[in-house]
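Trainee: Structure supplied as input_21.txt; contents: compact mmCIF, C-alpha atoms and all ligand atoms.
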# COMPACT_ATOMS: atom_id res chain seq x y z
CA MET O 1 21.99 27.80 2.32
CA THR O 2 22.03 24.14 3.33
CA SER O 3 18.59 22.67 3.82
CA HIS O 4 18.23 20.58 6.95
CA ASN O 5 15.40 18.71 5.22
CA GLN O 6 17.86 17.74 2.49
CA GLU O 7 20.59 16.76 4.95
CA LEU O 8 18.21 14.63 6.98
CA PHE O 9 16.81 12.99 3.85
CA GLU O 10 20.27 12.14 2.55
CA ALA O 11 21.29 10.62 5.90
CA SER O 12 17.98 8.75 6.22
CA GLN O 13 18.35 7.18 2.80
CA GLN O 14 21.54 5.51 3.97
CA ILE O 15 19.75 3.40 6.57
CA ILE O 16 16.00 3.61 6.00
CA PRO O 17 14.73 2.25 2.65
CA GLY O 18 13.90 5.31 0.56
CA GLY O 19 14.62 7.47 3.60
CA VAL O 20 11.05 7.12 4.91
CA ASN O 21 9.04 4.82 7.14
CA SER O 22 5.96 4.92 4.92
CA PRO O 23 6.15 5.37 1.14
CA VAL O 24 3.68 8.26 0.76
CA ARG O 25 6.04 10.44 2.79
CA ALA O 26 8.79 10.21 0.17
CA PHE O 27 7.52 12.93 -2.22
CA LYS O 28 8.25 10.46 -5.01
CA SER O 29 5.10 11.30 -6.88
CA VAL O 30 5.43 15.09 -6.59
CA GLY O 31 9.23 15.11 -6.74
CA GLY O 32 11.68 16.97 -4.54
CA THR O 33 12.83 16.50 -0.97
CA PRO O 34 10.37 15.34 1.67
CA LEU O 35 9.85 17.68 4.58
CA PHE O 36 11.11 16.53 7.96
CA PHE O 37 8.84 17.96 10.61
CA LYS O 38 10.06 19.07 14.00
CA ARG O 39 6.94 20.60 15.54
CA GLY O 40 3.19 20.99 15.21
CA LEU O 41 0.82 23.33 17.00
CA GLY O 42 -2.85 23.86 16.19
CA ALA O 43 -3.23 24.21 12.42
CA TYR O 44 0.50 24.60 11.78
CA VAL O 45 3.60 22.46 11.35
CA TRP O 46 7.26 23.50 11.14
CA ASP O 47 9.87 21.70 9.09
CA ALA O 48 13.53 21.08 9.87
CA ASP O 49 14.39 24.46 8.33
CA ASP O 50 11.89 26.16 10.66
CA LYS O 51 9.55 27.02 7.81
CA GLN O 52 5.93 27.21 8.94
CA TYR O 53 3.04 25.66 7.00
CA ILE O 54 -0.73 25.56 7.28
CA ASP O 55 -1.25 21.83 7.57
CA TYR O 56 -3.96 20.08 5.55
CA VAL O 57 -2.48 16.60 5.93
CA ASN O 58 -3.21 16.41 9.67
CA SER O 59 -0.91 13.38 10.03
CA TRP O 60 -3.06 11.77 7.26
CA GLY O 61 -6.26 12.40 9.18
CA PRO O 62 -5.95 11.92 12.94
CA MET O 63 -5.36 15.53 14.02
CA ILE O 64 -8.97 16.65 13.87
CA VAL O 65 -8.58 18.92 16.92
CA GLY O 66 -5.25 20.27 15.68
CA HIS O 67 -1.70 19.49 16.73
CA CYS O 68 -0.88 19.37 20.44
CA HIS O 69 -4.37 20.17 21.67
CA PRO O 70 -3.77 21.00 25.35
CA GLU O 71 -6.38 18.55 26.62
CA VAL O 72 -5.01 15.71 24.52
CA VAL O 73 -1.44 16.44 25.61
CA LYS O 74 -2.54 16.59 29.26
CA ALA O 75 -4.38 13.27 29.03
CA VAL O 76 -1.40 11.62 27.34
CA GLN O 77 1.00 12.93 29.98
CA ALA O 78 -1.27 11.75 32.79
CA ALA O 79 -1.66 8.28 31.25
CA ALA O 80 2.08 7.99 30.60
CA ALA O 81 2.84 8.85 34.22
CA GLU O 82 0.70 5.89 35.32
CA GLY O 83 2.40 3.36 33.05
CA LEU O 84 3.20 3.12 29.36
CA GLY O 85 1.65 -0.27 28.84
CA PHE O 86 0.65 -3.45 30.61
CA GLY O 87 -0.42 -5.95 27.96
CA ALA O 88 -3.42 -6.52 30.24
CA PRO O 89 -6.91 -5.04 30.41
CA THR O 90 -7.41 -1.51 31.76
CA ALA O 91 -10.46 0.53 32.75
CA ALA O 92 -9.56 3.07 30.04
CA GLU O 93 -10.00 0.41 27.33
CA LEU O 94 -13.49 -0.29 28.61
CA GLU O 95 -14.19 3.43 28.66
CA ILE O 96 -13.16 4.01 25.04
CA ALA O 97 -15.04 0.87 23.93
CA GLU O 98 -18.18 2.18 25.65
CA GLU O 99 -17.67 5.62 24.11
CA LEU O 100 -17.28 4.15 20.61
CA CYS O 101 -20.40 2.00 21.01
CA LYS O 102 -22.33 5.00 22.36
CA ILE O 103 -21.36 7.21 19.41
CA LEU O 104 -21.79 4.51 16.77
CA PRO O 105 -24.92 2.39 17.21
CA SER O 106 -23.60 0.02 14.51
CA LEU O 107 -21.04 -1.19 17.07
CA GLU O 108 -22.58 -3.88 19.25
CA MET O 109 -19.11 -5.05 20.19
CA VAL O 110 -15.69 -3.61 19.44
CA ARG O 111 -12.07 -4.70 19.69
CA LEU O 112 -9.09 -2.36 19.89
CA VAL O 113 -5.98 -2.81 17.77
CA SER O 114 -3.06 -0.50 16.96
CA SER O 115 -3.42 0.37 13.27
CA GLY O 116 -5.95 0.62 10.48
CA THR O 117 -4.13 -2.18 8.67
CA GLU O 118 -4.66 -4.49 11.64
CA ALA O 119 -8.31 -3.50 11.84
CA THR O 120 -9.10 -4.23 8.17
CA MET O 121 -6.94 -7.37 8.03
CA THR O 122 -8.73 -8.81 11.04
CA ALA O 123 -12.17 -7.75 9.88
CA ILE O 124 -11.55 -9.75 6.69
CA ARG O 125 -10.42 -12.80 8.67
CA LEU O 126 -13.47 -12.49 10.89
CA ALA O 127 -15.79 -12.28 7.89
CA ARG O 128 -14.18 -15.40 6.47
CA GLY O 129 -14.42 -17.23 9.79
CA PHE O 130 -18.05 -16.22 10.21
CA THR O 131 -19.19 -17.17 6.71
CA GLY O 132 -16.83 -20.08 6.06
CA ARG O 133 -16.11 -18.51 2.65
CA SER O 134 -12.82 -17.29 1.18
CA ARG O 135 -13.53 -14.77 -1.57
CA ILE O 136 -13.55 -11.05 -0.83
CA ILE O 137 -14.67 -8.12 -2.97
CA LYS O 138 -12.91 -4.75 -2.91
CA PHE O 139 -12.94 -1.76 -5.26
CA GLU O 140 -10.16 -0.38 -7.42
CA GLY O 141 -8.39 2.59 -5.83
CA CYS O 142 -9.69 1.87 -2.33
CA TYR O 143 -6.93 1.36 0.20
CA HIS O 144 -7.45 -0.77 3.26
CA GLY O 145 -3.93 -0.97 4.66
CA HIS O 146 -1.10 -3.15 3.50
CA SER O 147 -2.11 -6.72 4.31
CA ASP O 148 -1.64 -9.20 1.46
CA GLY O 149 -5.18 -9.74 0.22
CA LEU O 150 -5.97 -6.03 0.27
CA LEU O 151 -2.95 -4.81 -1.68
CA VAL O 152 -4.64 -5.61 -4.95
CA LYS O 153 -5.35 -2.59 -7.17
CA ALA O 154 -5.09 -0.49 -4.03
CA GLY O 155 -5.03 3.27 -3.54
CA SER O 156 -2.88 5.66 -1.47
CA GLY O 157 0.90 5.10 -1.67
CA ALA O 158 0.44 1.92 -3.71
CA LEU O 159 -1.40 3.89 -6.38
CA THR O 160 0.87 6.91 -6.09
CA PHE O 161 3.88 4.80 -7.03
CA GLY O 162 2.18 2.89 -9.81
CA GLN O 163 2.22 -0.38 -7.90
CA PRO O 164 -1.40 -0.79 -6.89
CA SER O 165 -0.77 -4.53 -6.64
CA SER O 166 2.33 -5.18 -4.56
CA SER O 167 5.14 -7.52 -5.36
CA GLY O 168 5.48 -10.12 -2.61
CA VAL O 169 1.78 -10.91 -2.45
CA PRO O 170 1.36 -14.55 -3.52
CA ALA O 171 -0.89 -14.99 -6.54
CA GLU O 172 -2.86 -17.56 -4.55
CA ILE O 173 -3.76 -14.87 -1.98
CA ALA O 174 -4.42 -12.08 -4.50
CA GLY O 175 -6.56 -14.53 -6.45
CA LEU O 176 -9.09 -14.60 -3.62
CA THR O 177 -9.69 -10.86 -4.01
CA THR O 178 -12.14 -9.75 -6.67
CA VAL O 179 -11.65 -6.11 -7.63
CA LEU O 180 -14.58 -4.13 -9.01
CA ASP O 181 -15.15 -0.51 -10.01
CA TYR O 182 -16.06 1.95 -7.24
CA ASN O 183 -19.56 3.39 -7.64
CA ASP O 184 -20.53 0.70 -10.16
CA ALA O 185 -23.68 -0.85 -8.70
CA ALA O 186 -24.39 -2.84 -11.87
CA GLY O 187 -20.91 -4.39 -11.80
CA LEU O 188 -21.44 -5.46 -8.22
CA GLU O 189 -24.83 -6.99 -9.02
CA LYS O 190 -23.29 -8.94 -11.90
CA ALA O 191 -20.48 -10.25 -9.67
CA PHE O 192 -22.92 -11.40 -7.00
CA ALA O 193 -25.11 -13.05 -9.62
CA GLU O 194 -22.07 -15.01 -10.82
CA PHE O 195 -20.44 -16.04 -7.55
CA GLY O 196 -22.34 -14.39 -4.69
CA ASN O 197 -22.49 -17.60 -2.65
CA GLU O 198 -18.66 -17.66 -2.47
CA VAL O 199 -18.32 -14.10 -1.14
CA ALA O 200 -17.25 -13.75 2.49
CA CYS O 201 -17.36 -9.96 2.47
CA VAL O 202 -17.42 -6.72 0.57
CA ILE O 203 -14.95 -4.17 1.97
CA VAL O 204 -15.23 -0.55 0.91
CA GLU O 205 -14.33 2.97 1.90
CA PRO O 206 -17.85 4.42 2.09
CA VAL O 207 -16.25 7.75 1.20
CA ALA O 208 -13.10 6.98 -0.76
CA GLY O 209 -10.12 9.01 0.43
CA ASN O 210 -7.16 7.07 -0.90
CA MET O 211 -7.58 7.86 -4.61
CA ASN O 212 -8.17 11.51 -3.78
CA LEU O 213 -11.71 12.11 -2.45
CA ILE O 214 -14.49 10.25 -4.25
CA LEU O 215 -18.06 10.45 -3.00
CA PRO O 216 -20.24 7.34 -3.12
CA LYS O 217 -23.36 7.17 -5.25
CA ARG O 218 -26.54 6.32 -3.36
CA GLU O 219 -27.30 3.33 -5.58
CA PHE O 220 -23.80 1.94 -4.98
CA LEU O 221 -24.20 2.08 -1.20
CA ASP O 222 -27.65 0.51 -1.39
CA ALA O 223 -26.49 -2.22 -3.77
CA MET O 224 -23.69 -3.22 -1.39
CA ARG O 225 -26.05 -3.43 1.57
CA ASN O 226 -28.79 -5.27 -0.26
CA LEU O 227 -26.53 -7.77 -2.03
CA CYS O 228 -24.56 -8.61 1.11
CA THR O 229 -27.82 -9.25 2.95
CA GLU O 230 -29.26 -11.31 0.11
CA TYR O 231 -26.17 -13.51 -0.29
CA GLY O 232 -25.15 -13.77 3.36
CA ALA O 233 -21.89 -11.83 2.86
CA VAL O 234 -20.48 -9.45 5.47
CA LEU O 235 -20.46 -5.75 4.58
CA ILE O 236 -17.31 -4.14 6.00
CA LEU O 237 -17.26 -0.36 5.87
CA ASP O 238 -13.68 0.81 6.22
CA GLU O 239 -14.04 4.05 8.15
CA VAL O 240 -10.39 4.29 9.19
CA MET O 241 -10.22 7.59 7.31
CA SER O 242 -13.85 8.70 7.10
CA GLY O 243 -14.74 7.77 10.69
CA PHE O 244 -15.23 10.90 12.84
CA ARG O 245 -14.22 12.91 9.74
CA VAL O 246 -17.31 12.88 7.54
CA GLY O 247 -19.30 13.52 10.72
CA LEU O 248 -19.53 12.18 14.26
CA GLN O 249 -21.04 8.93 12.98
CA GLY O 250 -18.74 8.67 10.01
CA ALA O 251 -19.83 8.02 6.45
CA HIS O 252 -22.28 5.29 7.39
CA GLY O 253 -24.06 7.67 9.77
CA HIS O 254 -24.02 10.41 7.15
CA PHE O 255 -25.52 8.21 4.43
CA GLY O 256 -27.65 6.06 6.72
CA ILE O 257 -26.18 2.73 5.62
CA LYS O 258 -25.99 -0.13 8.11
CA PRO O 259 -22.72 -2.06 8.09
CA ASP O 260 -22.11 -5.53 9.49
CA LEU O 261 -18.60 -4.53 10.56
CA ILE O 262 -16.73 -1.25 10.54
CA THR O 263 -13.05 -0.47 10.90
CA LEU O 264 -11.75 2.65 12.63
CA GLY O 265 -8.37 4.30 13.17
CA LYS O 266 -6.78 7.72 12.72
CA VAL O 267 -9.08 10.15 14.65
CA MET O 268 -10.02 7.56 17.26
CA GLY O 269 -6.33 7.35 18.23
CA GLY O 270 -5.99 11.11 18.55
CA GLY O 271 -2.62 10.94 16.77
CA LEU O 272 -1.32 7.87 18.59
CA PRO O 273 -1.53 4.25 17.38
CA ALA O 274 -5.06 3.14 18.25
CA ALA O 275 -7.58 1.59 15.90
CA ALA O 276 -10.59 -0.71 16.19
CA PHE O 277 -13.02 -2.93 14.41
CA GLY O 278 -16.47 -3.94 15.51
CA GLY O 279 -20.08 -4.38 14.60
CA ARG O 280 -22.65 -7.15 14.84
CA ARG O 281 -22.47 -9.12 18.07
CA ASP O 282 -22.99 -12.50 16.36
CA ILE O 283 -19.97 -11.84 14.13
CA MET O 284 -17.75 -10.32 16.82
CA GLN O 285 -18.39 -13.33 19.07
CA CYS O 286 -16.46 -15.46 16.59
CA LEU O 287 -13.26 -13.74 17.81
CA ALA O 288 -10.83 -15.46 20.19
CA PRO O 289 -11.06 -16.01 23.12
CA LEU O 290 -14.82 -16.46 22.58
CA GLY O 291 -14.58 -17.97 19.13
CA ALA O 292 -12.17 -19.58 16.71
CA VAL O 293 -10.96 -16.53 14.76
CA TYR O 294 -7.61 -15.51 16.19
CA GLN O 295 -6.33 -11.96 16.61
CA ALA O 296 -3.95 -10.54 19.20
CA GLY O 297 -1.60 -7.64 19.97
CA THR O 298 0.80 -6.66 22.74
CA LEU O 299 0.05 -2.99 22.19
CA SER O 300 -3.70 -3.32 21.58
CA GLY O 301 -5.53 -0.84 23.81
CA ASN O 302 -2.28 0.81 24.85
CA PRO O 303 -3.20 3.19 27.71
CA VAL O 304 -1.38 6.22 26.33
CA ALA O 305 -2.96 5.81 22.87
CA VAL O 306 -6.35 5.21 24.45
CA ALA O 307 -5.99 8.43 26.49
CA ALA O 308 -5.28 10.44 23.33
CA GLY O 309 -8.17 8.78 21.52
CA LEU O 310 -10.69 9.10 24.30
CA THR O 311 -9.93 12.77 24.84
CA THR O 312 -10.21 13.44 21.11
CA LEU O 313 -13.55 11.61 20.98
CA LYS O 314 -14.84 13.80 23.81
CA LEU O 315 -13.65 16.98 22.05
CA VAL O 316 -15.34 16.14 18.75
CA GLN O 317 -18.68 15.88 20.53
CA ALA O 318 -18.66 19.59 21.44
CA PRO O 319 -21.81 21.30 20.10
CA GLY O 320 -21.36 22.62 16.57
CA PHE O 321 -17.99 20.89 16.11
CA TYR O 322 -18.82 19.19 12.80
CA GLU O 323 -20.98 22.03 11.52
CA ARG O 324 -18.00 24.37 11.77
CA LEU O 325 -15.55 21.92 10.18
CA THR O 326 -17.99 21.21 7.35
CA GLN O 327 -18.33 24.93 6.68
CA LEU O 328 -14.55 25.49 6.79
CA ALA O 329 -13.90 22.74 4.25
CA LYS O 330 -16.71 24.04 2.04
CA ASP O 331 -15.42 27.61 2.24
CA MET O 332 -11.98 26.44 1.22
CA THR O 333 -13.00 24.26 -1.71
CA GLU O 334 -15.39 26.93 -3.01
CA GLY O 335 -12.69 29.58 -2.64
CA LEU O 336 -10.12 27.45 -4.47
CA CYS O 337 -12.57 26.77 -7.30
CA ALA O 338 -13.34 30.50 -7.58
CA VAL O 339 -9.70 31.54 -7.95
CA ALA O 340 -8.99 28.73 -10.42
CA LYS O 341 -11.99 29.84 -12.49
CA LYS O 342 -10.81 33.46 -12.35
CA HIS O 343 -7.51 32.39 -13.93
CA GLY O 344 -9.12 29.97 -16.41
CA ILE O 345 -7.58 26.82 -14.95
CA PRO O 346 -9.40 23.48 -15.29
CA PHE O 347 -9.82 22.68 -11.63
CA SER O 348 -12.45 21.33 -9.28
CA ALA O 349 -12.74 20.66 -5.56
CA GLN O 350 -15.29 19.22 -3.17
CA SER O 351 -15.67 18.34 0.48
CA ILE O 352 -17.68 16.23 2.84
CA GLY O 353 -17.45 16.98 6.54
CA SER O 354 -13.80 17.81 7.22
CA MET O 355 -12.43 15.87 4.21
CA PHE O 356 -11.74 17.56 0.90
CA GLY O 357 -10.38 16.79 -2.54
CA VAL O 358 -8.76 19.04 -5.15
CA TYR O 359 -8.54 17.88 -8.76
CA PHE O 360 -7.01 19.23 -11.91
CA SER O 361 -10.05 18.29 -13.96
CA ALA O 362 -13.06 20.38 -14.93
CA THR O 363 -15.44 18.35 -12.75
CA ALA O 364 -14.94 16.32 -9.57
CA PRO O 365 -14.29 12.66 -10.43
CA THR O 366 -16.75 9.95 -9.42
CA SER O 367 -14.63 6.92 -10.27
CA TYR O 368 -11.09 5.62 -10.27
CA ALA O 369 -10.92 6.03 -14.06
CA GLU O 370 -11.90 9.69 -13.80
CA VAL O 371 -9.32 10.34 -11.07
CA MET O 372 -6.66 8.78 -13.26
CA ALA O 373 -7.68 11.06 -16.13
CA SER O 374 -7.05 14.22 -14.07
CA ASP O 375 -3.85 16.20 -14.71
CA LYS O 376 -1.32 14.77 -12.28
CA GLU O 377 1.52 16.99 -13.46
CA ALA O 378 -0.59 20.09 -12.80
CA PHE O 379 -1.26 18.81 -9.29
CA ASN O 380 2.44 18.27 -8.66
CA ARG O 381 3.20 21.80 -9.79
CA PHE O 382 0.40 23.19 -7.62
CA PHE O 383 1.61 21.16 -4.63
CA HIS O 384 5.12 22.64 -4.79
CA ALA O 385 3.93 26.17 -5.46
CA MET O 386 1.59 25.98 -2.46
CA LEU O 387 4.38 24.55 -0.35
CA ASP O 388 6.50 27.58 -1.25
CA GLU O 389 3.58 29.74 -0.08
CA GLY O 390 3.48 27.91 3.27
CA VAL O 391 0.58 25.55 2.60
CA TYR O 392 1.15 21.82 3.15
CA LEU O 393 -1.15 19.60 1.08
CA ALA O 394 -0.79 15.82 0.81
CA PRO O 395 2.17 15.06 -1.48
CA SER O 396 0.12 13.09 -3.98
CA ALA O 397 -2.78 13.67 -6.37
CA PHE O 398 -4.34 10.52 -4.93
CA GLU O 399 -4.96 11.57 -1.34
CA ALA O 400 -7.76 13.43 0.41
CA GLY O 401 -7.05 16.54 2.49
CA PHE O 402 -8.31 17.41 5.96
CA VAL O 403 -9.24 20.53 7.90
CA SER O 404 -9.09 20.58 11.67
CA ALA O 405 -10.87 22.50 14.39
CA ALA O 406 -7.66 24.48 14.83
CA HIS O 407 -7.94 25.99 11.35
CA SER O 408 -9.32 29.52 11.46
CA ASP O 409 -11.22 31.47 8.83
CA ALA O 410 -7.98 33.43 8.39
CA ASP O 411 -6.09 30.20 7.59
CA ILE O 412 -8.64 29.32 4.94
CA ALA O 413 -8.47 32.86 3.51
CA ALA O 414 -4.66 32.68 3.47
CA THR O 415 -4.80 29.35 1.64
CA ILE O 416 -7.16 30.71 -1.01
CA ALA O 417 -4.96 33.82 -1.39
CA ALA O 418 -1.93 31.55 -1.84
CA ALA O 419 -3.76 29.59 -4.56
CA ASP O 420 -4.79 32.86 -6.22
CA LYS O 421 -1.13 33.90 -6.36
CA VAL O 422 -0.06 30.47 -7.65
CA PHE O 423 -2.73 30.41 -10.37
CA ALA O 424 -1.97 34.01 -11.40
CA ALA O 425 1.56 32.88 -12.29
CA TRP O 426 0.39 29.57 -13.81
CA LYS O 427 0.91 30.14 -17.56
N1 LIG X 1 -4.09 6.04 4.65
C1 LIG X 1 -2.98 6.91 4.72
C2 LIG X 1 -2.91 7.81 3.52
N2 LIG X 1 -3.78 7.55 2.52
C3 LIG X 1 -1.77 6.15 4.96
C4 LIG X 1 -0.61 6.97 5.23
C5 LIG X 1 0.61 6.16 4.93
O1 LIG X 1 0.52 5.24 4.09
O2 LIG X 1 1.62 6.46 5.53
Before we go any further, please render this structure as structure tokens.
Mentor:
Amino acid sequence: MTSHNQELFEASQQIIPGGVNSPVRAFKSVGGTPLFFKRGLGAYVWDADDKQYIDYVNSWGPMIVGHCHPEVVKAVQAAAAEGLGFGAPTAAELEIAEELCKILPSLEMVRLVSSGTEATMTAIRLARGFTGRSRIIKFEGCYHGHSDGLLVKAGSGALTFGQPSSSGVPAEIAGLTTVLDYNDAAGLEKAFAEFGNEVACVIVEPVAGNMNLILPKREFLDAMRNLCTEYGAVLILDEVMSGFRVGLQGAHGHFGIKPDLITLGKVMGGGLPAAAFGGRRDIMQCLAPLGAVYQAGTLSGNPVAVAAGLTTLKLVQAPGFYERLTQLAKDMTEGLCAVAKKHGIPFSAQSIGSMFGVYFSATAPTSYAEVMASDKEAFNRFFHAMLDEGVYLAPSAFEAGFVSAAHSDADIAATIAAADKVFAAWK
């Protein structure tokens, strides 16, 4: 039987580079034909061949209340009926800004943009404008979008395709980025001791989700905060993925670490293109039109995206919302580990809030090097076998997974049963 996924992929490759509009969608790392989705509802998605999957990609994070939540759809329809965009201020932008600042006390001021890449790119520029310094520090395997200075030893699609440092980034730009090891507090201290007075900012995923899921060590978080304060550098916590995922107040709320700036995206856009950055008032006031650091966007604060985001932000504040998601993710990772153990397969899994990681290694990795040492071929095999069983995981060993409020206990049980079946036939 002809696969519509295959037909669409072949046609797409004729006019879209690689047949996809973002590299991680291409299945290049796991092999095979990417799925073309036609529909999503709650915890499920359907591909072009009408096959149904339990979805743990959640559009790479945003769909925390599930696909097509009726209240989100209603808010989007209502906003669209009033106008798709004005390129001028709206009351809804003020409302979402107030909501974000209410939920996240670290935000004294916030600006809306359209993508996580824009948020991180601008946060870096702002840190440089504020400090008058050029050098930035990032960590290997962390991904902060695809702007030039951040595509150096990056995670996500860049890592998946073995090009963590992109061609096309001038050496002069990449040279301003110092890359250190994630979770290595001593390495960070050494770097600051050597050139701390040149550092504009440290940017980090406080829970890393773009080299699979890596949890931060306490001493690493503390070292970043203390060293940035001591040397006058800006600490940027990139919560595009972890924001509203690890918990209502993101990873920095969970771990109790105070950022100077944070970046947000994904969940706060409710599935549409809305993102933000914000933090300390004295830094944010350096932004145009108040200050000399320029940033702009025709679609920034788009009313339809804001409606989706605002409604999602209201939904995630329902009592017990994060407790339930945390339990679901824990149930799933514990269940997966149990069936892997039963079949004698070196496997580990862990979760934090609604984010989870699965690894073909005996213990959960704590660093980029340990992630790289896990069995990527085993993951690829697992990915395809689970896909056959109707479970859609991220098509790369270097991505985190997500549960949503639409996932039921039965979905988790079905996923564990699928893994049991896959591992039983593993030899
Ligand atoms: N941060 C997302 C996954 N790690 C990006 C998705 C994409 O690159 O399309």
Trainee: Enter the distance from atom CA of O:Gln77 to atom CA of O:Ala92, in Å, rounded to one decimal.
Mentor: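 So the two atoms, atom CA of O:Gln77 and atom CA of O:Ala92, lie 14.4 Å apart.
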Trainee: Any idea what's packed within 9 Å of O:Ile137, counting all atoms listed in the file, ignoring anything in its chain fewer than 2 positions away? Could you give it as a PDB file with C-alpha atoms, in the frame of the given file?
Mentor:
ATOM      1  CA  ARG O 135     -13.530 -14.770  -1.570  1.00  0.00           C
ATOM      2  CA  PHE O 139     -12.940  -1.760  -5.260  1.00  0.00           C
ATOM      3  CA  LEU O 176      -9.090 -14.600  -3.620  1.00  0.00           C
ATOM      4  CA  THR O 177      -9.690 -10.860  -4.010  1.00  0.00           C
ATOM      5  CA  THR O 178     -12.140  -9.750  -6.670  1.00  0.00           C
ATOM      6  CA  VAL O 179     -11.650  -6.110  -7.630  1.00  0.00           C
ATOM      7  CA  LEU O 180     -14.580  -4.130  -9.010  1.00  0.00           C
ATOM      8  CA  LEU O 188     -21.440  -5.460  -8.220  1.00  0.00           C
ATOM      9  CA  VAL O 199     -18.320 -14.100  -1.140  1.00  0.00           C
ATOM     10  CA  ALA O 200     -17.250 -13.750   2.490  1.00  0.00           C
ATOM     11  CA  CYS O 201     -17.360  -9.960   2.470  1.00  0.00           C
ATOM     12  CA  VAL O 202     -17.420  -6.720   0.570  1.00  0.00           C
ATOM     13  CA  ILE O 203     -14.950  -4.170   1.970  1.00  0.00           C
ATOM     14  CA  VAL O 204     -15.230  -0.550   0.910  1.00  0.00           C
TER      15      VAL O 204
END
Trainee: For ligand LIG 1 (chain X), take all atoms listed in the file, fit an axis-aligned box around them, add 3 Å to each of the six sides, then output centre and edge lengths in Å rounded to one decimal, as JSON.
Mentor:
{"center_x": -1.2, "center_y": 6.5, "center_z": 4.0, "size_x": 11.7, "size_y": 8.6, "size_z": 9.0}
Trainee: Name the residues in contact with O:Ala43 at a cut-off of 7 Å, using only C-alpha atoms, excluding same-chain residues fewer than 2 positions from it; report them as a list in words.
Mentor: Leu41, Ile54, Asp55, Gly66, His67, Ser404, Ala406 and His407 of chain O
Trainee: Please build the interface table for chain O against ligand LIG 1 (chain X) with a cut-off of 10 Å, listing for each qualifying residue the nearest atom pair and the distance in Å to one decimal; count all atoms listed in the file, order rows by chain and increasing number, and write it as a tab-separated table.
Mentor:
residue	atom	partner	partner_atom	distance
O:Val20	CA	X:LIG1	O2	9.5
O:Asn21	CA	X:LIG1	O2	7.8
O:Ser22	CA	X:LIG1	O2	4.6
O:Pro23	CA	X:LIG1	O1	6.4
O:Val24	CA	X:LIG1	O1	5.5
O:Arg25	CA	X:LIG1	O2	6.5
O:Ala26	CA	X:LIG1	O2	9.7
O:Val57	CA	X:LIG1	C2	9.1
O:Ser59	CA	X:LIG1	C4	8.0
O:Trp60	CA	X:LIG1	C2	5.4
O:Gly61	CA	X:LIG1	C1	7.8
O:Gly116	CA	X:LIG1	N1	8.2
O:Thr117	CA	X:LIG1	N1	9.2
O:Cys142	CA	X:LIG1	N2	9.5
O:Tyr143	CA	X:LIG1	N1	7.1
O:His144	CA	X:LIG1	N1	7.7
O:Gly145	CA	X:LIG1	N1	7.0
O:His146	CA	X:LIG1	O1	8.6
O:Gly155	CA	X:LIG1	N2	7.5
O:Ser156	CA	X:LIG1	N2	4.5
O:Gly157	CA	X:LIG1	O1	5.8
O:Ala158	CA	X:LIG1	O1	8.5
O:Leu159	CA	X:LIG1	N2	9.9
O:Thr160	CA	X:LIG1	N2	9.8
O:Ala208	CA	X:LIG1	N2	9.9
O:Gly209	CA	X:LIG1	N2	6.8
O:Asn210	CA	X:LIG1	N2	4.8
O:Met211	CA	X:LIG1	N2	8.1
O:Asn212	CA	X:LIG1	N2	8.6
O:Val240	CA	X:LIG1	N1	8.0
O:Met241	CA	X:LIG1	N1	6.9
O:Gly265	CA	X:LIG1	N1	9.7
O:Lys266	CA	X:LIG1	N1	8.7
O:Ala394	CA	X:LIG1	C2	8.7
O:Ser396	CA	X:LIG1	N2	9.4
O:Phe398	CA	X:LIG1	N2	8.0
O:Glu399	CA	X:LIG1	N2	5.7
O:Ala400	CA	X:LIG1	N2	7.4
O:Gly401	CA	X:LIG1	N2	9.6
Trainee: Give me, as a ChimeraX atom specification, all polymer residues having an atom no more than 9 Å from stretch 329-346 of chain O, counting all atoms listed in the file and skipping those fewer than 2 positions away in the same chain.
Mentor: /O:324-327,348-363,402-403,409,412-413,415-417,419-420,423-424,426
Trainee: I need the residue nearest O:Val72 from this list: O:Val246, O:Leu290, O:Leu272, O:Met386. Use only C-alpha atoms for the distance.
Mentor: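 Distance minimum relative to O:Val72 lands on O:Leu272.
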Trainee: Report the distance between atom CA of O:Asn226 and atom CA of O:Glu205 in Å, rounded to one decimal place.
Mentor: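 Between atom CA of O:Asn226 and atom CA of O:Glu205 the gap works out to 16.8 Å.
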Trainee: Please identify all polymer residues within 9 Å of stretch 260-262 of chain O, counting all atoms listed in the file, omitting same-chain residues fewer than 4 positions from it, and present them as a list of chain:residue names.
Mentor: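 Once the nearby chain positions are removed, what remains is O:Ser106, O:Leu107, O:Ala119, O:Thr120, O:Ala123, O:Ala127, O:Val234, O:Leu235, O:Ile236, O:Leu237, O:Asp238, O:Glu239, O:Val240, O:Ala276, O:Phe277, O:Gly278, O:Gly279, O:Arg280, O:Ile283, O:Met284.
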Trainee: Given the choices O:Leu100, O:Ala233, O:Val422, O:Leu94, which gets closest to O:Gln249 if the distance is worked out from only C-alpha atoms?
Mentor: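 Nearest candidate to O:Gln249 out of O:Leu100, O:Ala233, O:Val422, O:Leu94: O:Leu100.
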Trainee: So which residues touch O:Asp184 within 12 Å, counting all atoms listed in the file, skipping near sequence neighbours fewer than 5 positions away, as an MDAnalysis selection string?
Mentor: chainID O and resid 138:140 179 189:191 216:224 366:369
Trainee: So, counting only C-alpha atoms, which residue among O:Ser242, O:Phe36, O:Lys427, O:Ala97 is closest to O:Leu213?
Mentor: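 Of the candidates, the smallest distance to O:Leu213 is held by O:Ser242.
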Trainee: So how far away is atom CA of O:Met121 from atom CA of O:Pro170, in Å?
Mentor: 15.9 Å
